[in-house]
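Down below is the structure, laid out as structure tokens.
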Amino acid sequence: MRYVVKGKKITRFFIVLGAILLVLLSLTQVTALGIAPSFYTFDSIPTKPIEMKMRILNTQQEDLLLSLEAKGAYAHILSFSEETVRIYPHEQEKEIIYTLTPSADFQPGTNSIDVLVRSVDDGSFGKQHTNVEAKVALVQKIQIIAPYPEQHLTGKLFVTAEDISKPIVFTTHLINRGSVDATPYGTLVIKGPLQNKIGEVRLTPTFIASSSSKKVETSYYGLEEAGVYLAEAAIQYGDKTLLLRKDF
């Protein structure tokens, strides 16, 4: 009986090993291609059609026929002059140009579109063709940020703390993604490892026009020893509060 159990364990081992090898083979096939840039972000809605570009990187010099397809709620705003593109072994990269035509019905916030690049086997390449079997090989992501109908702030907090014997500089980068101007203000609290309050500084009121950004800088002097601290900024604007945190 012990030999039977051992045989089952060996069988399971080879099954798992085979599955891992298949995954690695699939990954190798997919990485035969690359894409640049892989990401586009528009901080505001474009006012006119834009010519978009992507470069397909043929890192292993393959014979490939590629199909292009847009996915997402706003896929219709992308148009391709050709929906299939051929890339030959001598081409280290292939530039693809398509058009983005802005829509008037974007939802407030981030609107995403994916451009999918798939390999298509048309039977004309023979043995040299990479067997990706129409799997999604590449994705170029596009994000368009539409304004909110009211004040809407987002932001990041940065800390410059090279030496506790010098003032600690806090920089708050605020973006008004709303369609209404804002004048945020607030306080920044410094906390110790036990969440105990170490100090506090004020963030002066700063005007930020709609669809624009500004950096608010303040400093604090008085940390007695090195360690891990937490900066917590509470930004007030209208009847809303934006909370930003950063360890330093």
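Letters A, B, ... mark the chains of the structure tokens in the order given; residue numbers begin at 1 per chain; ligand numbers begin at 1, in order shown.
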Surrounding residues of Phe248 (chain A) excluding itself and chain neighbours under 4 positions, 8 Å, only C-alpha atoms, as a ChimeraX atom specification: /A:159,161,228-231
Contacts of region 111-196 of chain A with region 66-71 of chain A up to 9 Å, shortest pair per row, only C-alpha atoms, as JSON lines:
{"residue": "A:Ser112", "atom": "CA", "partner": "A:Lys71", "partner_atom": "CA", "distance": 8.9}
{"residue": "A:Ile113", "atom": "CA", "partner": "A:Lys71", "partner_atom": "CA", "distance": 5.8}
{"residue": "A:Asp114", "atom": "CA", "partner": "A:Lys71", "partner_atom": "CA", "distance": 5.1}
{"residue": "A:Val115", "atom": "CA", "partner": "A:Ala70", "partner_atom": "CA", "distance": 4.5}
{"residue": "A:Leu116", "atom": "CA", "partner": "A:Glu69", "partner_atom": "CA", "distance": 5.2}
{"residue": "A:Val117", "atom": "CA", "partner": "A:Leu68", "partner_atom": "CA", "distance": 5.0}
{"residue": "A:Arg118", "atom": "CA", "partner": "A:Ser67", "partner_atom": "CA", "distance": 5.2}
{"residue": "A:Ser119", "atom": "CA", "partner": "A:Leu66", "partner_atom": "CA", "distance": 4.5}
{"residue": "A:Val120", "atom": "CA", "partner": "A:Leu66", "partner_atom": "CA", "distance": 5.6}
{"residue": "A:Asp121", "atom": "CA", "partner": "A:Leu66", "partner_atom": "CA", "distance": 8.6}
{"residue": "A:Ala134", "atom": "CA", "partner": "A:Leu66", "partner_atom": "CA", "distance": 8.9}
Name the residues in contact with region 172-183 of chain A at a cut-off of 6 Å, using only C-alpha atoms, excluding same-chain residues fewer than 3 positions from it; report them as a compact mmCIF listing (two decimals) with C-alpha atoms, in the first residue's frame.
# COMPACT_ATOMS: atom_id res chain seq x y z
CA PRO A 147 -14.71 67.00 -14.37
CA TYR A 148 -17.27 66.68 -11.61
CA PRO A 149 -20.20 69.13 -11.65
CA GLU A 150 -19.06 70.61 -8.31
CA GLN A 151 -15.86 71.05 -6.33
CA HIS A 152 -13.90 67.81 -6.18
CA LEU A 153 -10.34 67.65 -4.90
CA THR A 154 -7.82 64.83 -5.10
CA GLY A 155 -4.22 65.01 -4.03
CA LYS A 156 -1.00 63.54 -2.72
CA LEU A 157 1.15 64.36 0.26
CA PRO A 205 -6.19 78.89 2.11
CA THR A 206 -5.17 78.48 -1.53
CA PHE A 207 -7.25 79.27 -4.60
CA ILE A 208 -7.42 76.46 -7.16
CA ALA A 209 -9.35 77.03 -10.38
CA SER A 210 -11.44 74.23 -11.84
CA SER A 211 -9.49 71.57 -13.76
CA SER A 212 -6.18 72.84 -12.40
CA SER A 213 -3.75 72.05 -9.59
CA LYS A 214 -1.48 73.72 -7.05
CA LYS A 215 1.14 72.74 -4.50
CA VAL A 216 0.82 73.90 -0.91
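From CA of Gly199 (chain A) back to CA of Pro184 (chain A), the distance works out to 20.9 Å.
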Counting only C-alpha atoms, the option among A:Leu194, A:Met52, A:Ala104, A:Leu64 closest to Thr84 (chain A): A:Leu64
Interatomic distance, CA of Gly34 (chain A) to CA of Ile50 (chain A) (Å, one decimal): 23.0 Å
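If only C-alpha atoms are the atoms counted, then among A:Thr110, A:Ser165, A:Gln236, A:Ser38 the closest residue to Met54 (chain A) is A:Ser38.
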Polymer residues at most 8 Å from Glu93 (chain A), only C-alpha atoms, same-chain spacing of 6 or more positions, as a ChimeraX atom specification: /A:55-59,87
Same residues, N, CA and C atoms, output as a compact mmCIF listing (two decimals), in the first residue's frame:
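Once written, again_2.txt looks like this:
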# COMPACT_ATOMS: atom_id res chain seq x y z
N ARG A 55 3.46 51.59 -30.25
CA ARG A 55 4.52 50.86 -30.94
C ARG A 55 4.50 49.41 -30.46
N ILE A 56 4.38 48.50 -31.40
CA ILE A 56 4.45 47.08 -31.10
C ILE A 56 5.91 46.66 -31.21
N LEU A 57 6.46 46.16 -30.13
CA LEU A 57 7.87 45.77 -30.09
C LEU A 57 7.98 44.27 -30.37
N ASN A 58 8.59 43.94 -31.46
CA ASN A 58 8.74 42.55 -31.90
C ASN A 58 10.09 42.02 -31.40
N THR A 59 10.15 41.71 -30.10
CA THR A 59 11.43 41.41 -29.45
C THR A 59 12.08 40.12 -29.94
N ILE A 87 3.16 42.16 -38.91
CA ILE A 87 4.52 42.51 -38.53
C ILE A 87 5.44 41.37 -38.95
Selection: 10 Å around His76 (chain A), only C-alpha atoms, excl. self and same-chain fewer than 3 positions, as an MDAnalysis selection string: chainID A and resid 70:73 79 100:103 113
Which of A:Ser219, A:Gln143, A:Gln92, A:Thr47 sits closest to Ile164 (chain A) [using only C-alpha atoms]: A:Ser219
DSSP alpha helix (DSSP H) residues within chain A, listed as a PyMOL selection string: chain A and resi 2-30
Who sits within 8 Å of Asn111 (chain A), only C-alpha atoms, same chain under 4 positions skipped, as a list of chain:residue names: A:Tyr74, A:Phe106, A:Gln107, A:Gln143, A:Ile144, A:Ile145, A:Ala146
Separation of CA of Asp239 (chain A) from CA of Leu203 (chain A), in Å and rounded to one decimal: 17.0 Å
